[in-house]
Amino acid sequence: MSPAGPRAADEELRELAAQEDRLVLGAFSNEDAWNLGSLLVELARERGAAVTVGIRRGAQQLFHCALPGTSADNDAWIARKCAVVERYGESSFLVGARFRAKGRTFEESSRLDPDRYAAHGGAFPVRLRGTGVVGAVAVSGLPQADDHALVVEGLERFLAAG
């Protein structure tokens, strides 16, 4: 259960699910990955945020940028969070929030290797209308809610510009 109680946890889950429903793309090319990744890097630089940004389509890495102040640990976090998106087809933050809402942790209850999977905020599915999840966009370097919020803001701006 969320520290704020079951009502707050339900509200958080509804908002996170609404983001998933709203942030759906019509197409996703290599150039789109470049543009979305560059937009996220620009947002991070404006805020002075030391983050790593990664975008994958299937097994292929289409975009990667590690800003000053990050390390290889951020790459590992991105890989683990993207593995959650790949397995569950939902954002890593939503998956973790579902476990927390039930009073459990992902690490203890998922039965998945924590060295390979992390249900912490920051990875979001690249979902195509009529197709489903084809990849993931991820940020690592901030607290998990902030990583998630940065990705959501980037996707919102990317969709608004497209």
# chains A, B, ... in the order shown; residues from 1 in each chain; ligands from 1
>>> residues_around(residues="Arg129 in chain A", least_positions_apart="4", cutoff="12 Å", atoms="only C-alpha atoms", output="list of chain:residue names")
A:Glu20, A:Asp21, A:Arg22, A:Leu23, A:Val24, A:Leu25, A:Gly26, A:Ala27, A:Phe28, A:Val133, A:Val134
>>> closest_residue(among="A:Leu40, A:Ala50, A:Leu94, A:Ala76", to="Ala145 in chain A", atoms="only C-alpha atoms")
A:Leu94
>>> atom_distance(atom1="CA of Gly154 in chain A", atom2="CA of Ala9 in chain A")
24.3 Å
>>> select_by_dssp(residues="chain A", states="alpha helix (DSSP H)", output="MDAnalysis selection string")
chainID A and resid 6:22 30:47 72:88 92:101 106:109 144:161
